[in-house]
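S.K.: One structure is given below, represented as structure tokens, and several questions about it will come after.
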Amino acid sequence: MPTIDIRKITAGLSPTWSGYLRDWDRTLRAANHPETTRYSYLLAAAQLGRYLAQECDEFDAPQAADDPCLVGRGHVEGFQAWMVDTRSASTALNKHKSLQQFFKWLTVDEEAIRRSPMDRVRQPKTPEKLVPVLTAEETRKLLAVCGTASFVDLRDQALIRLFYNTGGRLAEVGNLTLDDLDLHADTVRFHGKGAKDRRVRIGPRTGRAISRYLRARSGRRGADLPHLWLSARGACRLEPNGIKIRLKQLGAAAGVANVHAHRWRHSFAHEWKLAGGDTGDLMLLLGWSSDDMPRHYGASAAAERAQQTQARLAIGERV
């Protein structure tokens with residue numbers, strides 16, 4: 001993601017709202033929050049401010065649109081309902097969590113308000129969506145459409161294999177630098193959420209794909225850049241959002257629907273569980289701190305794992 005433009009985020013907001021968001025961003029930067037987190041937080045607060053100015057029909061909305069310290073429970077609940085109607089429940093939940101942080105900052109750090117309006121606002125309920133795993137066959141199709149020795153194809157092959165082989169997040173893979181690679185030890189260092197680094201192993205095919213890409217990369221105009229992934233022209237880095245778009249393009253060319261990096265993360269968890277891998281080790285490899293995550297990831301293929309376990313145990317077949 002490009003560097004956050006706070007002026008663009010706060011466009012159209014009152015001077016008071018804009019000032020608070022600039023100060024909050026300074027606090028977030030000082031705490032070393034990832035840029036993606038900062039952007040998500042700031043965007044949610046700015047959207048609330050614009051909603052109050054343009055969409056909210058509460059009688060005191062103009063005052064709240066001028067000063068976030070005047071935002072009340074009803075304003076936030078109206079905003080959440082509007083988000084559910086115009087976007088989705090999951091988006092509304094994301095905004096809820098971001099606004100909790102904003103009003104916590106106004107309460108605790110700034111001491112600008114006595115009580116957060118979020119205290120009595122319930123989280124919107126969201127249906128649990130099962131993310132389908134990307135199968136080995138689907139991944140082969142994707143690799144087949146970038147099977148030449150061109151620079152772009154070699155880069156895309158390395159990206160696909162790295163996502164599948166490690167289960168890395170889009171931002172983790174997309175923000176890799178050359179220094180994060182250790183091809184002598186066959187490892188890569190991911191910079192995960194919450195400023196938590198971890199090092200994971202890569203397999204021989206993934207290592208070979210990265211090596212071939214690095215040889216092609218060395219002759220590009222952007223070869224001196226620290227970022228691992230270069231754009232098609234090679235003069236600048238390929239941002240995580242660019243990788244996201246490229247995966248969609250490869251999916252369309254291969255006839256594989258809804259291709260995105262997170263599906264390989266689910267695939268990694270599914271295949272790990274299928275092989276009987278330890279849950280604690282899986283949490284370390286994928287950078288999880290919550291015990292709920294292993295249950296959620298790979299859930300769409302849980303029936304397949306259960307059936308294979310049932311066949312292996314042969315319950316009732318020994319009588």
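Labels used: A, B, ... for chains in the order of the structure tokens, numbers from 1 for residues in each chain, and numbers from 1 for ligands as shown.
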Find the residues near Lys193 (chain A): any atom within 9 Å, counting only C-alpha atoms, skip ones fewer than 3 places away on the same chain, and give them as a PyMOL selection string.
M.R.: chain A and resi 33-34+37+172+196-197+287-288
S.K.: Find the residues around Leu228 (chain A) up to 6 Å (only C-alpha atoms counted), leave out those fewer than 6 positions away in its own chain, and share them as a ChimeraX atom specification.
M.R.: /A:176-178
S.K.: Just how far from CA of Glu239 (chain A) is CA of Arg50 (chain A), in Å to one decimal?
M.R.: 28.5 Å
S.K.: How far is it from CA of Asp156 (chain A) to CA of Ala209 (chain A), in Å with one decimal?
M.R.: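 Answer for the CA of Asp156 (chain A) to CA of Ala209 (chain A) separation: 9.3 Å.
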S.K.: Got a sec to tell me which of region 109-275 of chain A DSSP assigns to helix (DSSP H, G or I), as a compact mmCIF listing (two decimals) with N, CA, C and O atoms, in the first residue's frame?
M.R.:
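What follows is the written file selection.txt:
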```txt
# COMPACT_ATOMS: atom_id res chain seq x y z
N ASP A 109 -5.89 8.63 25.93
CA ASP A 109 -4.70 9.41 25.59
C ASP A 109 -4.96 10.92 25.62
O ASP A 109 -4.19 11.69 26.20
N ALA A 136 -4.46 -28.16 -5.17
CA ALA A 136 -3.21 -28.34 -5.91
C ALA A 136 -3.47 -28.25 -7.41
O ALA A 136 -2.67 -27.66 -8.16
N GLU A 137 -4.59 -28.81 -7.87
CA GLU A 137 -4.92 -28.77 -9.30
C GLU A 137 -5.16 -27.34 -9.77
O GLU A 137 -4.72 -26.94 -10.85
N GLU A 138 -5.87 -26.55 -8.96
CA GLU A 138 -6.11 -25.15 -9.32
C GLU A 138 -4.79 -24.37 -9.35
O GLU A 138 -4.58 -23.50 -10.21
N THR A 139 -3.91 -24.68 -8.41
CA THR A 139 -2.62 -24.00 -8.39
C THR A 139 -1.79 -24.38 -9.61
O THR A 139 -1.09 -23.54 -10.19
N ARG A 140 -1.87 -25.63 -10.05
CA ARG A 140 -1.16 -26.04 -11.27
C ARG A 140 -1.67 -25.25 -12.47
O ARG A 140 -0.90 -24.85 -13.35
N LYS A 141 -2.97 -25.02 -12.54
CA LYS A 141 -3.54 -24.24 -13.64
C LYS A 141 -3.00 -22.82 -13.64
O LYS A 141 -2.70 -22.24 -14.70
N LEU A 142 -2.88 -22.24 -12.46
CA LEU A 142 -2.34 -20.88 -12.35
C LEU A 142 -0.88 -20.83 -12.78
O LEU A 142 -0.45 -19.91 -13.48
N LEU A 143 -0.11 -21.83 -12.36
CA LEU A 143 1.30 -21.89 -12.75
C LEU A 143 1.44 -22.09 -14.26
O LEU A 143 2.38 -21.58 -14.88
N ALA A 144 0.49 -22.80 -14.85
CA ALA A 144 0.57 -23.10 -16.28
C ALA A 144 0.42 -21.85 -17.14
O ALA A 144 0.99 -21.78 -18.23
N PHE A 151 10.38 -12.34 -17.55
CA PHE A 151 10.55 -11.79 -16.21
C PHE A 151 9.26 -11.86 -15.41
O PHE A 151 9.23 -12.30 -14.26
N VAL A 152 8.14 -11.41 -16.02
CA VAL A 152 6.87 -11.36 -15.31
C VAL A 152 6.42 -12.77 -14.93
O VAL A 152 5.95 -13.00 -13.81
N ASP A 153 6.57 -13.73 -15.84
CA ASP A 153 6.14 -15.09 -15.53
C ASP A 153 6.99 -15.72 -14.43
O ASP A 153 6.47 -16.42 -13.55
N LEU A 154 8.28 -15.46 -14.46
CA LEU A 154 9.15 -15.99 -13.40
C LEU A 154 8.79 -15.38 -12.05
O LEU A 154 8.79 -16.07 -11.02
N ARG A 155 8.47 -14.10 -12.06
CA ARG A 155 8.04 -13.44 -10.82
C ARG A 155 6.74 -14.04 -10.32
O ARG A 155 6.60 -14.36 -9.12
N ASP A 156 5.77 -14.23 -11.22
CA ASP A 156 4.47 -14.75 -10.82
C ASP A 156 4.57 -16.20 -10.34
O ASP A 156 3.87 -16.59 -9.39
N GLN A 157 5.42 -16.99 -10.97
CA GLN A 157 5.62 -18.37 -10.50
C GLN A 157 6.16 -18.37 -9.07
O GLN A 157 5.71 -19.15 -8.21
N ALA A 158 7.14 -17.49 -8.81
CA ALA A 158 7.72 -17.41 -7.46
C ALA A 158 6.68 -16.97 -6.45
O ALA A 158 6.62 -17.50 -5.33
N LEU A 159 5.84 -16.01 -6.81
CA LEU A 159 4.80 -15.54 -5.91
C LEU A 159 3.81 -16.65 -5.57
O LEU A 159 3.50 -16.89 -4.39
N ILE A 160 3.33 -17.34 -6.58
CA ILE A 160 2.34 -18.39 -6.37
C ILE A 160 2.91 -19.48 -5.48
O ILE A 160 2.26 -19.94 -4.52
N ARG A 161 4.11 -19.92 -5.78
CA ARG A 161 4.71 -21.01 -5.00
C ARG A 161 4.97 -20.57 -3.56
O ARG A 161 4.80 -21.35 -2.62
N LEU A 162 5.36 -19.31 -3.37
CA LEU A 162 5.62 -18.83 -2.01
C LEU A 162 4.34 -18.75 -1.19
O LEU A 162 4.33 -19.13 -0.01
N PHE A 163 3.26 -18.28 -1.80
CA PHE A 163 1.98 -18.23 -1.10
C PHE A 163 1.54 -19.64 -0.69
O PHE A 163 1.14 -19.87 0.46
N TYR A 164 1.61 -20.58 -1.62
CA TYR A 164 1.13 -21.94 -1.36
C TYR A 164 2.04 -22.67 -0.37
O TYR A 164 1.58 -23.37 0.53
N ASN A 165 3.34 -22.46 -0.50
CA ASN A 165 4.32 -23.20 0.29
C ASN A 165 4.40 -22.73 1.74
O ASN A 165 4.76 -23.51 2.64
N THR A 166 4.06 -21.46 1.98
CA THR A 166 4.23 -20.90 3.34
C THR A 166 2.93 -20.48 4.01
O THR A 166 2.91 -20.31 5.23
N LEU A 170 -0.93 -11.74 2.36
CA LEU A 170 -0.63 -10.91 1.21
C LEU A 170 0.40 -9.84 1.55
O LEU A 170 1.38 -9.65 0.83
N ALA A 171 0.19 -9.13 2.67
CA ALA A 171 1.11 -8.06 3.05
C ALA A 171 2.48 -8.62 3.42
O ALA A 171 3.52 -8.00 3.13
N GLU A 172 2.52 -9.80 4.05
CA GLU A 172 3.79 -10.39 4.45
C GLU A 172 4.63 -10.75 3.23
O GLU A 172 5.83 -10.46 3.18
N VAL A 173 4.01 -11.39 2.25
CA VAL A 173 4.73 -11.77 1.04
C VAL A 173 5.03 -10.52 0.20
O VAL A 173 6.13 -10.35 -0.32
N GLY A 174 4.03 -9.63 0.10
CA GLY A 174 4.20 -8.45 -0.74
C GLY A 174 5.22 -7.47 -0.25
O GLY A 174 5.80 -6.73 -1.04
N LEU A 178 14.87 -8.06 -0.09
CA LEU A 178 15.92 -9.02 -0.42
C LEU A 178 16.59 -9.55 0.84
O LEU A 178 16.99 -10.72 0.90
N ASP A 179 16.70 -8.71 1.86
CA ASP A 179 17.34 -9.13 3.11
C ASP A 179 16.52 -10.15 3.88
O ASP A 179 17.04 -10.82 4.78
N ASP A 180 15.24 -10.27 3.55
CA ASP A 180 14.39 -11.24 4.24
C ASP A 180 14.59 -12.67 3.74
O ASP A 180 14.12 -13.62 4.36
N LYS A 193 1.66 -9.40 11.63
CA LYS A 193 0.84 -8.43 12.34
C LYS A 193 1.41 -8.19 13.74
O LYS A 193 1.99 -9.07 14.34
N GLY A 194 1.20 -6.96 14.21
CA GLY A 194 1.67 -6.65 15.55
C GLY A 194 3.18 -6.60 15.66
O GLY A 194 3.74 -6.82 16.73
N ALA A 195 3.86 -6.29 14.55
CA ALA A 195 5.32 -6.19 14.51
C ALA A 195 5.99 -7.49 14.98
O ALA A 195 7.04 -7.47 15.60
N PRO A 204 12.10 -27.01 -1.88
CA PRO A 204 13.03 -26.95 -3.02
C PRO A 204 12.43 -26.28 -4.26
O PRO A 204 13.10 -25.48 -4.92
N ARG A 205 11.17 -26.60 -4.59
CA ARG A 205 10.57 -25.99 -5.79
C ARG A 205 10.35 -24.50 -5.62
O ARG A 205 10.55 -23.72 -6.56
N THR A 206 9.95 -24.10 -4.42
CA THR A 206 9.77 -22.67 -4.16
C THR A 206 11.12 -21.97 -4.19
O THR A 206 11.25 -20.88 -4.78
N GLY A 207 12.13 -22.57 -3.58
CA GLY A 207 13.46 -21.98 -3.59
C GLY A 207 14.00 -21.83 -5.00
O GLY A 207 14.62 -20.81 -5.36
N ARG A 208 13.76 -22.84 -5.83
CA ARG A 208 14.22 -22.78 -7.22
C ARG A 208 13.49 -21.68 -7.98
O ARG A 208 14.10 -20.94 -8.76
N ALA A 209 12.18 -21.55 -7.75
CA ALA A 209 11.41 -20.51 -8.43
C ALA A 209 11.90 -19.12 -8.03
O ALA A 209 12.01 -18.21 -8.87
N ILE A 210 12.21 -18.93 -6.76
CA ILE A 210 12.72 -17.64 -6.29
C ILE A 210 14.09 -17.35 -6.88
O ILE A 210 14.39 -16.23 -7.31
N SER A 211 14.94 -18.36 -6.94
CA SER A 211 16.29 -18.18 -7.51
C SER A 211 16.21 -17.78 -8.98
O SER A 211 16.95 -16.90 -9.44
N ARG A 212 15.34 -18.43 -9.73
CA ARG A 212 15.18 -18.10 -11.15
C ARG A 212 14.67 -16.67 -11.29
O ARG A 212 15.11 -15.92 -12.17
N TYR A 213 13.75 -16.28 -10.43
CA TYR A 213 13.25 -14.91 -10.47
C TYR A 213 14.36 -13.91 -10.13
O TYR A 213 14.50 -12.87 -10.79
N LEU A 214 15.17 -14.22 -9.13
CA LEU A 214 16.24 -13.30 -8.73
C LEU A 214 17.25 -13.10 -9.85
O LEU A 214 17.78 -11.99 -10.03
N ARG A 215 17.54 -14.15 -10.61
CA ARG A 215 18.47 -14.01 -11.74
C ARG A 215 17.88 -13.07 -12.79
O ARG A 215 18.59 -12.22 -13.35
N ALA A 216 16.58 -13.21 -13.06
CA ALA A 216 15.93 -12.31 -14.01
C ALA A 216 15.85 -10.89 -13.45
O ALA A 216 16.01 -9.91 -14.19
N ARG A 217 15.62 -10.79 -12.17
CA ARG A 217 15.51 -9.49 -11.51
C ARG A 217 16.80 -8.70 -11.58
O ARG A 217 16.78 -7.46 -11.67
N PRO A 240 1.74 -4.73 -2.59
CA PRO A 240 0.79 -5.81 -2.28
C PRO A 240 -0.52 -5.71 -3.03
O PRO A 240 -1.07 -6.72 -3.48
N ASN A 241 -1.04 -4.48 -3.20
CA ASN A 241 -2.28 -4.34 -3.94
C ASN A 241 -2.10 -4.72 -5.41
O ASN A 241 -3.01 -5.26 -6.05
N GLY A 242 -0.91 -4.45 -5.96
CA GLY A 242 -0.61 -4.87 -7.32
C GLY A 242 -0.56 -6.38 -7.44
O GLY A 242 -0.99 -6.95 -8.46
N ILE A 243 -0.04 -7.04 -6.41
CA ILE A 243 -0.03 -8.51 -6.39
C ILE A 243 -1.46 -9.03 -6.35
O ILE A 243 -1.80 -10.00 -7.04
N LYS A 244 -2.29 -8.41 -5.55
CA LYS A 244 -3.70 -8.81 -5.46
C LYS A 244 -4.37 -8.74 -6.83
O LYS A 244 -5.08 -9.67 -7.24
N ILE A 245 -4.15 -7.66 -7.54
CA ILE A 245 -4.73 -7.49 -8.88
C ILE A 245 -4.16 -8.52 -9.84
O ILE A 245 -4.90 -9.11 -10.65
N ARG A 246 -2.86 -8.76 -9.75
CA ARG A 246 -2.22 -9.72 -10.66
C ARG A 246 -2.76 -11.13 -10.45
O ARG A 246 -2.98 -11.87 -11.42
N LEU A 247 -3.00 -11.52 -9.21
CA LEU A 247 -3.55 -12.85 -8.94
C LEU A 247 -4.95 -12.99 -9.54
O LEU A 247 -5.30 -14.06 -10.06
N LYS A 248 -5.74 -11.92 -9.50
CA LYS A 248 -7.06 -11.95 -10.13
C LYS A 248 -6.93 -12.16 -11.63
O LYS A 248 -7.69 -12.91 -12.25
N GLN A 249 -5.95 -11.48 -12.23
CA GLN A 249 -5.73 -11.61 -13.68
C GLN A 249 -5.31 -13.03 -14.04
O GLN A 249 -5.79 -13.60 -15.02
N LEU A 250 -4.43 -13.61 -13.25
CA LEU A 250 -3.99 -14.98 -13.50
C LEU A 250 -5.14 -15.96 -13.34
O LEU A 250 -5.27 -16.92 -14.10
N GLY A 251 -5.99 -15.71 -12.34
CA GLY A 251 -7.15 -16.57 -12.13
C GLY A 251 -8.09 -16.55 -13.32
O GLY A 251 -8.59 -17.59 -13.75
N ALA A 252 -8.33 -15.34 -13.86
CA ALA A 252 -9.20 -15.21 -15.03
C ALA A 252 -8.60 -15.95 -16.22
O ALA A 252 -9.32 -16.62 -16.98
N ALA A 253 -7.29 -15.84 -16.40
CA ALA A 253 -6.63 -16.51 -17.53
C ALA A 253 -6.64 -18.03 -17.38
O ALA A 253 -6.71 -18.76 -18.37
N ALA A 254 -6.58 -18.49 -16.13
CA ALA A 254 -6.53 -19.94 -15.88
C ALA A 254 -7.90 -20.56 -15.72
O ALA A 254 -8.02 -21.79 -15.62
N ALA A 261 -4.76 -14.33 -2.30
CA ALA A 261 -3.68 -14.93 -1.51
C ALA A 261 -4.19 -15.66 -0.28
O ALA A 261 -3.63 -16.69 0.12
N HIS A 262 -5.26 -15.17 0.33
CA HIS A 262 -5.72 -15.75 1.58
C HIS A 262 -6.24 -17.18 1.41
O HIS A 262 -6.25 -17.96 2.37
N ARG A 263 -6.66 -17.51 0.21
CA ARG A 263 -7.13 -18.88 -0.01
C ARG A 263 -5.99 -19.88 0.13
O ARG A 263 -6.21 -21.02 0.57
N TRP A 264 -4.77 -19.49 -0.25
CA TRP A 264 -3.64 -20.40 -0.05
C TRP A 264 -3.32 -20.53 1.43
O TRP A 264 -2.82 -21.57 1.86
N ARG A 265 -3.62 -19.52 2.20
CA ARG A 265 -3.42 -19.61 3.66
C ARG A 265 -4.36 -20.67 4.24
O ARG A 265 -3.96 -21.45 5.11
N HIS A 266 -5.58 -20.70 3.74
CA HIS A 266 -6.52 -21.75 4.15
C HIS A 266 -6.06 -23.11 3.64
O HIS A 266 -6.21 -24.12 4.33
N SER A 267 -5.52 -23.14 2.43
CA SER A 267 -5.02 -24.41 1.87
C SER A 267 -3.89 -24.96 2.72
O SER A 267 -3.82 -26.17 2.99
N PHE A 268 -2.99 -24.08 3.15
CA PHE A 268 -1.87 -24.50 3.99
C PHE A 268 -2.38 -25.14 5.28
O PHE A 268 -1.93 -26.21 5.69
N ALA A 269 -3.35 -24.45 5.92
CA ALA A 269 -3.89 -24.97 7.18
C ALA A 269 -4.60 -26.31 6.95
O ALA A 269 -4.45 -27.25 7.75
N HIS A 270 -5.35 -26.42 5.86
CA HIS A 270 -6.06 -27.66 5.54
C HIS A 270 -5.09 -28.83 5.34
O HIS A 270 -5.26 -29.91 5.94
N GLU A 271 -4.08 -28.62 4.51
CA GLU A 271 -3.14 -29.71 4.22
C GLU A 271 -2.31 -30.07 5.45
O GLU A 271 -1.93 -31.23 5.65
N TRP A 272 -2.02 -29.08 6.29
CA TRP A 272 -1.29 -29.34 7.53
C TRP A 272 -2.11 -30.25 8.45
O TRP A 272 -1.62 -31.24 9.00
N LYS A 273 -3.39 -29.91 8.61
CA LYS A 273 -4.27 -30.71 9.46
C LYS A 273 -4.49 -32.10 8.87
O LYS A 273 -4.54 -33.10 9.59
N LEU A 274 -4.61 -32.16 7.54
CA LEU A 274 -4.83 -33.43 6.86
C LEU A 274 -3.67 -34.40 7.09
O LEU A 274 -3.85 -35.61 7.21
```
S.K.: Would you please work out which residue, of A:Leu282, A:Val133, A:Leu70, A:Val188, is nearest to Asn258 (chain A) when using only C-alpha atoms?
M.R.: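 Counting only C-alpha atoms, the residue closest to Asn258 (chain A) is A:Val133.
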S.K.: So that I can check the surroundings of Pro117 (chain A), please list as a ChimeraX atom specification every protein, DNA and RNA residue that reaches within 10 Å of it, counting only C-alpha atoms and ignoring chain neighbours fewer than 3 positions away.
M.R.: /A:69-77,99-100,103-104,107,113-114,120-121
S.K.: Do you know which residues are at most 10 Å from Asp66 (chain A) counting only C-alpha atoms, after dropping those on the same chain fewer than 4 positions away, and could you put them as JSON, numbers by chain?
M.R.: {"A": [13, 14, 15, 16, 17, 18, 49, 50, 52, 53, 61, 62, 70, 71]}
S.K.: What does the distance from CA of Phe102 (chain A) to CA of Arg22 (chain A) come to in Å, to one decimal?
M.R.: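 Computing it gives 11.8 Å between the two atoms.
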